[in-house]
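K.L.:
So I've got this file, query_21.txt, and it contains compact mmCIF, C-alpha atoms and all ligand atoms:
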```
# COMPACT_ATOMS: atom_id res chain seq x y z
CA MET A 50 0.00 0.00 0.00
CA SER A 51 1.32 3.45 -0.89
CA LEU A 52 1.49 6.35 1.54
CA LYS A 53 -1.55 8.61 1.36
CA LEU A 54 -1.18 11.08 4.21
CA GLU A 55 1.86 11.80 6.29
CA LEU A 56 2.52 14.10 9.26
CA ARG A 57 6.22 14.76 9.76
CA GLN A 58 7.60 16.02 13.05
CA ILE A 59 4.74 18.35 13.90
CA ASN A 60 5.04 20.82 16.79
CA LYS A 61 2.23 23.08 17.91
CA LYS A 62 1.98 25.55 20.74
CA PHE A 63 -1.03 27.82 21.32
CA ILE A 64 0.04 31.26 22.46
CA ASN A 65 -2.54 32.95 24.63
CA PRO A 66 -2.14 35.99 26.88
CA GLY A 67 -0.75 34.75 30.19
CA SER A 68 -0.56 31.09 29.22
CA ASP A 69 0.96 29.12 26.40
CA THR A 70 -0.19 25.57 25.76
CA PHE A 71 2.36 23.21 24.25
CA VAL A 72 0.04 20.68 22.62
CA ILE A 73 1.95 18.68 20.03
CA ASN A 74 5.53 17.58 20.40
CA ASN A 75 7.38 16.19 17.39
CA LEU A 76 4.45 14.09 16.22
CA SER A 77 4.79 11.90 13.15
CA LEU A 78 2.17 9.55 11.77
CA HIS A 79 0.89 8.27 8.45
CA VAL A 80 -2.08 6.68 6.69
CA LYS A 81 -1.59 4.39 3.70
CA SER A 82 -3.97 4.29 0.74
CA GLY A 83 -7.15 2.51 1.74
CA GLU A 84 -6.08 2.13 5.34
CA PHE A 85 -8.29 2.66 8.40
CA VAL A 86 -6.22 4.26 11.16
CA SER A 87 -7.47 5.33 14.58
CA ILE A 88 -6.10 7.73 17.14
CA ILE A 89 -6.87 7.16 20.78
CA GLY A 90 -5.58 9.31 23.62
CA PRO A 91 -6.50 11.25 26.76
CA SER A 92 -8.99 14.10 26.60
CA GLY A 93 -7.16 17.33 25.83
CA SER A 94 -4.14 15.56 24.38
CA GLY A 95 -4.46 17.29 21.02
CA LYS A 96 -6.39 14.89 18.78
CA SER A 97 -8.77 17.51 17.39
CA THR A 98 -5.82 19.89 17.05
CA VAL A 99 -4.13 17.29 14.82
CA PHE A 100 -7.23 17.25 12.60
CA ASN A 101 -7.36 21.05 12.50
CA LEU A 102 -3.74 20.99 11.36
CA ILE A 103 -4.41 18.39 8.65
CA GLY A 104 -7.45 20.36 7.49
CA GLY A 105 -5.34 23.53 7.23
CA LEU A 106 -7.48 25.40 9.77
CA ILE A 107 -4.37 26.11 11.84
CA GLN A 108 -0.65 26.12 11.08
CA PRO A 109 1.99 23.99 12.80
CA ASP A 110 5.00 25.74 14.35
CA HIS A 111 7.22 23.09 12.86
CA GLY A 112 6.86 20.09 10.58
CA SER A 113 4.94 19.26 7.45
CA ILE A 114 1.81 17.56 6.23
CA ILE A 115 2.09 15.58 3.02
CA LEU A 116 -0.77 14.23 0.89
CA ASP A 117 0.03 11.95 -2.06
CA GLY A 118 3.65 13.07 -1.88
CA LYS A 119 2.83 16.81 -2.03
CA GLU A 120 3.11 19.23 0.84
CA ILE A 121 -0.29 20.62 1.92
CA THR A 122 0.73 22.21 5.25
CA GLY A 123 -1.69 25.02 6.09
CA GLU A 124 -3.81 24.44 2.98
CA ARG A 125 -7.55 23.83 3.15
CA GLY A 126 -9.83 21.66 1.04
CA HIS A 127 -7.68 18.56 0.60
CA ILE A 128 -9.41 16.27 3.04
CA SER A 129 -12.94 15.44 4.04
CA TYR A 130 -13.26 16.45 7.67
CA MET A 131 -16.00 15.69 10.14
CA PRO A 132 -15.33 17.86 13.19
CA GLN A 133 -16.12 16.77 16.75
CA GLN A 134 -18.84 19.40 17.09
CA HIS A 135 -21.16 18.92 14.17
CA SER A 136 -20.99 21.79 11.76
CA LEU A 137 -24.34 21.51 10.04
CA LEU A 138 -25.58 24.76 8.61
CA PRO A 139 -28.79 25.66 10.46
CA TRP A 140 -30.36 27.36 7.45
CA ARG A 141 -29.96 24.35 5.16
CA THR A 142 -32.18 21.26 5.29
CA VAL A 143 -30.79 17.82 6.15
CA LEU A 144 -30.59 16.95 2.45
CA ASP A 145 -28.89 20.20 1.50
CA ASN A 146 -26.41 19.80 4.38
CA THR A 147 -25.61 16.30 3.20
CA ILE A 148 -24.75 17.40 -0.32
CA LEU A 149 -22.79 20.49 0.70
CA ALA A 150 -19.30 19.15 -0.07
CA LEU A 151 -20.45 17.61 -3.35
CA GLU A 152 -22.04 20.89 -4.35
CA VAL A 153 -18.97 22.95 -3.46
CA SER A 154 -16.69 20.58 -5.40
CA GLY A 155 -18.80 20.94 -8.52
CA ILE A 156 -18.15 17.32 -9.59
CA MET A 157 -21.84 16.45 -9.61
CA ASN A 158 -24.84 18.59 -10.40
CA LYS A 159 -27.20 19.37 -7.55
CA LYS A 160 -29.93 17.06 -8.83
CA GLN A 161 -27.62 14.03 -9.06
CA ALA A 162 -26.15 14.82 -5.66
CA ARG A 163 -29.62 15.00 -4.13
CA ILE A 164 -30.63 11.64 -5.60
CA GLN A 165 -27.48 10.00 -4.23
CA ALA A 166 -27.83 11.67 -0.83
CA LYS A 167 -31.49 10.60 -0.49
CA GLU A 168 -30.48 6.95 -0.85
CA TRP A 169 -27.85 7.37 1.82
CA LEU A 170 -30.24 9.10 4.21
CA ILE A 171 -32.50 6.04 4.01
CA ARG A 172 -29.55 3.76 4.79
CA VAL A 173 -28.66 5.69 7.95
CA GLY A 174 -32.25 5.73 9.21
CA LEU A 175 -33.01 9.33 8.30
CA ALA A 176 -35.71 8.70 5.71
CA GLY A 177 -38.40 11.34 6.05
CA TYR A 178 -35.98 13.95 7.45
CA GLU A 179 -34.70 15.23 4.10
CA SER A 180 -36.55 18.54 4.42
CA ALA A 181 -36.08 18.97 8.17
CA TYR A 182 -33.68 21.55 9.57
CA PRO A 183 -30.80 20.42 11.84
CA HIS A 184 -32.27 21.88 15.06
CA VAL A 185 -35.14 19.38 15.05
CA LEU A 186 -32.75 16.38 14.99
CA SER A 187 -31.31 14.63 18.04
CA GLY A 188 -27.56 14.91 18.64
CA GLY A 189 -27.04 11.42 17.23
CA MET A 190 -29.04 12.18 14.11
CA GLN A 191 -27.07 15.38 13.56
CA GLN A 192 -23.89 13.34 13.78
CA ARG A 193 -25.18 10.91 11.18
CA VAL A 194 -25.88 13.80 8.79
CA GLY A 195 -22.38 15.18 9.44
CA PHE A 196 -20.94 11.75 8.82
CA LEU A 197 -22.83 11.37 5.54
CA ARG A 198 -21.60 14.75 4.39
CA ALA A 199 -18.01 13.64 5.00
CA LEU A 200 -18.66 10.32 3.30
CA LEU A 201 -20.17 11.92 0.20
CA SER A 202 -17.43 14.49 -0.23
CA PRO A 203 -14.99 13.83 -3.04
CA GLN A 204 -11.68 13.99 -1.17
CA GLU A 205 -9.93 10.65 -0.74
CA VAL A 206 -8.93 11.00 2.91
CA MET A 207 -11.63 11.19 5.56
CA CYS A 208 -10.80 12.56 9.01
CA LEU A 209 -13.54 11.67 11.48
CA ASP A 210 -13.37 13.18 14.95
CA GLU A 211 -15.39 10.97 17.33
CA PRO A 212 -18.27 10.58 14.89
CA PHE A 213 -20.19 8.23 17.18
CA GLY A 214 -19.40 9.94 20.47
CA ALA A 215 -22.96 11.12 21.16
CA LEU A 216 -24.74 7.88 20.26
CA ASP A 217 -26.16 5.33 22.66
CA ALA A 218 -24.31 2.00 22.87
CA LEU A 219 -26.62 0.03 20.55
CA THR A 220 -26.89 2.70 17.87
CA ARG A 221 -23.15 3.13 18.10
CA MET A 222 -22.58 -0.57 17.44
CA ASP A 223 -24.99 -0.39 14.47
CA MET A 224 -23.14 2.62 13.09
CA GLN A 225 -19.79 0.88 13.49
CA ARG A 226 -21.05 -2.16 11.55
CA TRP A 227 -22.52 0.14 8.95
CA LEU A 228 -19.33 2.19 8.65
CA LEU A 229 -17.29 -0.99 8.22
CA SER A 230 -19.56 -2.28 5.47
CA ILE A 231 -19.36 1.04 3.59
CA TRP A 232 -15.64 1.33 4.11
CA GLU A 233 -14.96 -2.25 3.04
CA GLN A 234 -16.60 -1.44 -0.30
CA SER A 235 -15.04 1.99 -0.83
CA ARG A 236 -11.68 1.53 0.95
CA ARG A 237 -11.18 5.22 1.48
CA SER A 238 -8.25 6.23 3.62
CA VAL A 239 -9.62 7.04 7.06
CA LEU A 240 -8.15 8.73 10.11
CA PHE A 241 -10.55 8.24 13.00
CA VAL A 242 -10.51 9.68 16.52
CA THR A 243 -12.26 7.77 19.27
CA HIS A 244 -12.23 7.40 23.04
CA SER A 245 -13.37 3.79 22.79
CA ILE A 246 -10.64 1.14 22.73
CA GLU A 247 -13.15 -1.47 21.49
CA GLU A 248 -14.31 0.78 18.66
CA ALA A 249 -10.72 1.44 17.58
CA LEU A 250 -9.90 -2.29 17.61
CA PHE A 251 -13.08 -3.28 15.80
CA LEU A 252 -12.60 -0.79 12.96
CA SER A 253 -8.89 -0.22 12.43
CA ASP A 254 -5.89 -1.60 10.62
CA ARG A 255 -3.63 0.38 12.92
CA ILE A 256 -4.04 2.46 16.07
CA TYR A 257 -1.90 5.34 17.29
CA VAL A 258 -2.03 5.68 21.06
CA PHE A 259 -1.31 9.29 22.00
CA SER A 260 0.30 10.48 25.22
CA ASP A 261 -1.09 13.35 27.23
CA LYS A 262 -0.03 16.79 26.00
CA PRO A 263 2.39 17.78 24.68
CA THR A 264 1.30 14.77 22.69
CA GLN A 265 3.52 12.19 21.10
CA VAL A 266 2.81 8.73 19.75
CA LEU A 267 3.16 6.39 22.73
CA GLU A 268 2.73 3.31 20.62
CA GLU A 269 1.59 2.25 17.17
CA ILE A 270 -0.50 -0.91 17.26
CA LYS A 271 -1.21 -3.16 14.30
CA VAL A 272 -4.64 -4.78 14.30
CA SER A 273 -4.56 -7.69 11.92
CA PHE A 274 -7.98 -9.34 12.21
CA ALA A 275 -9.21 -10.53 8.81
CA ARG A 276 -11.87 -8.53 7.00
CA PRO A 277 -14.79 -8.43 6.63
CA ARG A 278 -15.04 -8.31 10.41
CA GLY A 279 -17.96 -9.36 12.55
CA GLU A 280 -18.69 -9.06 16.24
CA ASP A 281 -17.12 -12.47 16.86
CA ILE A 282 -13.73 -10.71 17.01
CA LEU A 283 -14.85 -8.99 20.24
CA LEU A 284 -14.44 -12.36 21.97
CA HIS A 285 -11.16 -13.24 20.29
CA SER A 286 -8.25 -13.71 22.74
CA GLU A 287 -6.06 -11.39 20.63
CA PHE A 288 -8.78 -8.70 20.82
CA MET A 289 -8.83 -8.98 24.60
CA ARG A 290 -5.06 -8.93 24.80
CA LEU A 291 -4.82 -5.76 22.69
CA ARG A 292 -7.65 -4.13 24.64
CA ALA A 293 -5.88 -4.79 27.95
CA HIS A 294 -2.60 -3.53 26.50
CA ILE A 295 -4.04 -0.24 25.21
CA TYR A 296 -5.95 0.22 28.46
CA SER A 297 -2.77 -0.16 30.49
CA LEU A 298 -0.93 2.33 28.24
CA MET A 299 -3.69 4.89 28.67
CA LYS A 300 -4.10 4.33 32.39
CA ARG A 301 -0.42 4.95 32.94
CA GLU A 302 -0.73 8.13 30.90
CA VAL A 303 -3.68 9.48 32.86
CA ILE A 304 -2.23 8.58 36.28
CA LEU A 305 1.27 9.96 35.66
N1 LIG B 1 -7.38 27.60 19.64
C1 LIG B 1 -6.85 27.21 20.80
N2 LIG B 1 -6.25 28.11 21.62
C2 LIG B 1 -5.69 27.71 22.78
N3 LIG B 1 -5.68 26.44 23.23
C3 LIG B 1 -6.25 25.51 22.46
C4 LIG B 1 -6.88 25.84 21.21
N4 LIG B 1 -7.38 24.70 20.66
C5 LIG B 1 -7.08 23.71 21.53
N5 LIG B 1 -6.41 24.19 22.60
C6 LIG B 1 -5.88 23.41 23.73
O1 LIG B 1 -5.13 22.34 23.18
C7 LIG B 1 -5.29 21.18 23.98
C8 LIG B 1 -5.75 20.04 23.08
O2 LIG B 1 -7.08 20.28 22.65
P1 LIG B 1 -7.83 19.27 21.65
O3 LIG B 1 -9.19 19.81 21.44
O4 LIG B 1 -6.97 19.04 20.47
O5 LIG B 1 -7.86 17.94 22.56
P2 LIG B 1 -8.54 16.52 22.23
O6 LIG B 1 -7.48 15.49 22.36
O7 LIG B 1 -9.28 16.58 20.95
O8 LIG B 1 -9.56 16.38 23.45
P3 LIG B 1 -10.98 15.61 23.51
O9 LIG B 1 -10.66 14.16 23.58
O10 LIG B 1 -11.56 16.11 24.81
O11 LIG B 1 -11.77 16.00 22.32
C9 LIG B 1 -6.26 21.54 25.08
O12 LIG B 1 -5.51 21.85 26.23
C10 LIG B 1 -6.98 22.76 24.53
O13 LIG B 1 -7.37 23.60 25.58
MG MG B 2 -11.26 16.44 20.45
```
Hey, can you dump this file as structure tokens for me?
P.N.:
Amino acid sequence: MSLKLELRQINKKFINPGSDTFVINNLSLHVKSGEFVSIIGPSGSGKSTVFNLIGGLIQPDHGSIILDGKEITGERGHISYMPQQHSLLPWRTVLDNTILALEVSGIMNKKQARIQAKEWLIRVGLAGYESAYPHVLSGGMQQRVGFLRALLSPQEVMCLDEPFGALDALTRMDMQRWLLSIWEQSRRSVLFVTHSIEEALFLSDRIYVFSDKPTQVLEEIKVSFARPRGEDILLHSEFMRLRAHIYSLMKREVIL
């Protein structure tokens, strides 16, 4: 597999009056083409900051971000990004929010985009909500719309920041299965932030475990369960071993 996205030796400090926050310390990571990579780490360690850097919303103090061999540091528009706080536009309907990235890219006319998006809304249980506005949806439904928007955007790398964080346990499991089935067909390159060790193990090819800030990669973990994956892997001895290992890494990090 070729390299798709690469972060090389990134440093980031936020300078605020009276207090500077050193968030990212010499961080390097990569995603190969068609790979599903998760990031797991303590709250406040800098995971969303990493996504803001990749998305070009903020600039690193040092280091570079490379996509398909070309430097994109500080540039916007190269990746499909689903932020932690949903960013649905309140004045657009669910359907029009879903097609936003497709519309902006101009690769599909609005009518085609709407037809495609309607099919997807049915598949994520949002049939009948096409004309609703975001404020009438539950938090979980808003996240599903945000997720669809990222999925339907044309960029090849998807950065998903805790997309299932606000969902109840059963819906979350359904969404994970659903995401896997979509991803196994499309094989987009995915960088995924989660707080759930099980979710990371279930979905990923590799996991980066982050330290507390200033964040560094504590360990890179390869998850080699065969695909397509089913829930049977949750009971696999290797799954339990990896879960215990990541848990102990994170516990040490939080206690220290
Ligand atoms: N624009 C900013 N200005 C100053 N400090 C910031 C800014 N953005 C983030 N930070 C600080 O950087 C640190 C990392 O924040 P970030 O949101 O990246 O953490 P996170 O790992 O995504 O946390 P969580 O798991 O809770 O979402 C925090 O201490 C936060 O207060
Ligand atoms: Mg975050």
K.L.:
Could you list the protein, DNA and RNA residues that have any atom within 12 Å of ligand LIG 1 (chain B), counting all atoms listed in the file, and write them as a ChimeraX atom specification?
P.N.:
/A:61-74,88-102,106-108,132-134,209-212,214,241-245,258-265
K.L.:
Could you take the residues named above and write them with C-alpha atoms, as a tab-separated table (two decimals), keeping the file's coordinate frame?
P.N.:
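That gives us result-v9.tsv:
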```
chain	number	residue	atom	x	y	z
A	61	LYS	CA	2.23	23.08	17.91
A	62	LYS	CA	1.98	25.55	20.74
A	63	PHE	CA	-1.03	27.82	21.32
A	64	ILE	CA	0.04	31.26	22.46
A	65	ASN	CA	-2.54	32.95	24.63
A	66	PRO	CA	-2.14	35.99	26.88
A	67	GLY	CA	-0.75	34.75	30.19
A	68	SER	CA	-0.56	31.09	29.22
A	69	ASP	CA	0.96	29.12	26.40
A	70	THR	CA	-0.19	25.57	25.76
A	71	PHE	CA	2.36	23.21	24.25
A	72	VAL	CA	0.04	20.68	22.62
A	73	ILE	CA	1.95	18.68	20.03
A	74	ASN	CA	5.53	17.58	20.40
A	88	ILE	CA	-6.10	7.73	17.14
A	89	ILE	CA	-6.87	7.16	20.78
A	90	GLY	CA	-5.58	9.31	23.62
A	91	PRO	CA	-6.50	11.25	26.76
A	92	SER	CA	-8.99	14.10	26.60
A	93	GLY	CA	-7.16	17.33	25.83
A	94	SER	CA	-4.14	15.56	24.38
A	95	GLY	CA	-4.46	17.29	21.02
A	96	LYS	CA	-6.39	14.89	18.78
A	97	SER	CA	-8.77	17.51	17.39
A	98	THR	CA	-5.82	19.89	17.05
A	99	VAL	CA	-4.13	17.29	14.82
A	100	PHE	CA	-7.23	17.25	12.60
A	101	ASN	CA	-7.36	21.05	12.50
A	102	LEU	CA	-3.74	20.99	11.36
A	106	LEU	CA	-7.48	25.40	9.77
A	107	ILE	CA	-4.37	26.11	11.84
A	108	GLN	CA	-0.65	26.12	11.08
A	132	PRO	CA	-15.33	17.86	13.19
A	133	GLN	CA	-16.12	16.77	16.75
A	134	GLN	CA	-18.84	19.40	17.09
A	209	LEU	CA	-13.54	11.67	11.48
A	210	ASP	CA	-13.37	13.18	14.95
A	211	GLU	CA	-15.39	10.97	17.33
A	212	PRO	CA	-18.27	10.58	14.89
A	214	GLY	CA	-19.40	9.94	20.47
A	241	PHE	CA	-10.55	8.24	13.00
A	242	VAL	CA	-10.51	9.68	16.52
A	243	THR	CA	-12.26	7.77	19.27
A	244	HIS	CA	-12.23	7.40	23.04
A	245	SER	CA	-13.37	3.79	22.79
A	258	VAL	CA	-2.03	5.68	21.06
A	259	PHE	CA	-1.31	9.29	22.00
A	260	SER	CA	0.30	10.48	25.22
A	261	ASP	CA	-1.09	13.35	27.23
A	262	LYS	CA	-0.03	16.79	26.00
A	263	PRO	CA	2.39	17.78	24.68
A	264	THR	CA	1.30	14.77	22.69
A	265	GLN	CA	3.52	12.19	21.10
```
K.L.:
Go through A:Ala176, A:Ile295, A:Ala181, A:Leu170 one by one, measure the shortest atom-to-atom distance of each to Leu138 in chain A using all atoms listed in the file, and give the residue with the smallest value.
P.N.:
A:Ala181
K.L.:
Please return the centre and edge lengths, in Å to one decimal, of a box with edges along x, y and z that contains all listed atoms of range 109-123 of chain A, widened by 3 Å on every side, as JSON.
P.N.:
```
{"center_x": 2.8, "center_y": 18.8, "center_z": 6.1, "size_x": 14.9, "size_y": 19.8, "size_z": 22.4}
```
K.L.:
Which residue, A:His184, A:Arg226, A:Arg198, A:Arg193, has the smallest gap to Trp140 in chain A when you use all atoms listed in the file?
P.N.:
A:His184
K.L.:
Using all atoms listed in the file, which of the listed residues (A:Leu186, A:Val173, A:Leu52, A:Val194) sits closest to Gln225 in chain A?
P.N.:
A:Val173
K.L.:
Can you tell me which residues surround Glu287 in chain A at a distance of at most 10 Å, considering all atoms listed in the file, apart from same-chain residues fewer than 5 positions away, and format the answer as a list in words?
P.N.:
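Residues near the query, excluding close chain neighbours: Val272, Ser273, Phe274, Ile282, Arg292 and Ala293 of chain A.
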K.L.:
Please measure the separation of CA of Leu151 in chain A and CA of Ser202 in chain A, giving the value in Å to one decimal.
P.N.:
5.3 Å
K.L.:
At a cut-off of 7 Å, using all atoms listed in the file, what residues contact His135 in chain A? Leave out same-chain residues fewer than 3 positions from it and give the result as number ranges by chain.
P.N.:
A: 132, 191-192, 195
K.L.:
Using all atoms listed in the file, can you tell me which of A:Leu252, A:Val239, A:Met190, A:Ala166 comes closest to Leu137 in chain A?
P.N.:
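Among A:Leu252, A:Val239, A:Met190, A:Ala166, it is A:Met190 that comes nearest to Leu137 in chain A.
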K.L.:
Hey, can you check how far CA of Lys300 in chain A sits from CA of Val266 in chain A?
P.N.:
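Value for the CA of Lys300 in chain A-CA of Val266 in chain A distance: 15.1 Å.
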K.L.:
So which residues touch Glu233 in chain A within 12 Å, counting only C-alpha atoms, skipping near sequence neighbours fewer than 6 positions away, as a VMD selection string?
P.N.:
chain A and resid 83 to 85 225 to 227 239 252 to 254 275 to 278
K.L.:
Work out how far CA of Leu175 in chain A is from CA of Ser230 in chain A, in Å to one decimal.
P.N.:
18.0 Å
K.L.:
Would you mind completing range 162-177 of chain A so that it carries N, CA and C atoms, and writing it out as a short mmCIF file (atom, residue, chain, number, x, y, z; two decimals), in the frame of the given file?
P.N.:
```cif
data_model
loop_
_atom_site.label_atom_id
_atom_site.label_comp_id
_atom_site.auth_asym_id
_atom_site.auth_seq_id
_atom_site.Cartn_x
_atom_site.Cartn_y
_atom_site.Cartn_z
N ALA A 162 -26.61 14.90 -7.04
CA ALA A 162 -26.15 14.82 -5.66
C ALA A 162 -27.31 14.55 -4.71
N ARG A 163 -28.44 15.19 -4.98
CA ARG A 163 -29.62 15.00 -4.13
C ARG A 163 -30.14 13.57 -4.22
N ILE A 164 -30.14 13.02 -5.42
CA ILE A 164 -30.63 11.64 -5.60
C ILE A 164 -29.74 10.69 -4.81
N GLN A 165 -28.42 10.88 -4.94
CA GLN A 165 -27.48 10.00 -4.23
C GLN A 165 -27.64 10.15 -2.71
N ALA A 166 -27.75 11.41 -2.27
CA ALA A 166 -27.83 11.67 -0.83
C ALA A 166 -29.12 11.09 -0.24
N LYS A 167 -30.21 11.13 -0.99
CA LYS A 167 -31.49 10.60 -0.49
C LYS A 167 -31.35 9.11 -0.20
N GLU A 168 -30.66 8.39 -1.08
CA GLU A 168 -30.48 6.95 -0.85
C GLU A 168 -29.69 6.71 0.42
N TRP A 169 -28.67 7.54 0.62
CA TRP A 169 -27.85 7.37 1.82
C TRP A 169 -28.62 7.70 3.09
N LEU A 170 -29.46 8.72 3.03
CA LEU A 170 -30.24 9.10 4.21
C LEU A 170 -31.14 7.94 4.64
N ILE A 171 -31.67 7.21 3.67
CA ILE A 171 -32.50 6.04 4.01
C ILE A 171 -31.63 5.00 4.72
N ARG A 172 -30.42 4.80 4.21
CA ARG A 172 -29.55 3.76 4.79
C ARG A 172 -29.09 4.08 6.20
N VAL A 173 -29.06 5.36 6.57
CA VAL A 173 -28.66 5.69 7.95
C VAL A 173 -29.87 6.00 8.83
N GLY A 174 -31.06 5.59 8.38
CA GLY A 174 -32.25 5.73 9.21
C GLY A 174 -32.78 7.14 9.29
N LEU A 175 -32.53 7.95 8.27
CA LEU A 175 -33.01 9.33 8.30
C LEU A 175 -34.04 9.60 7.20
N ALA A 176 -34.66 8.52 6.72
CA ALA A 176 -35.71 8.70 5.71
C ALA A 176 -36.81 9.57 6.31
N GLY A 177 -37.33 10.48 5.55
CA GLY A 177 -38.40 11.34 6.05
C GLY A 177 -37.86 12.65 6.65
#
```
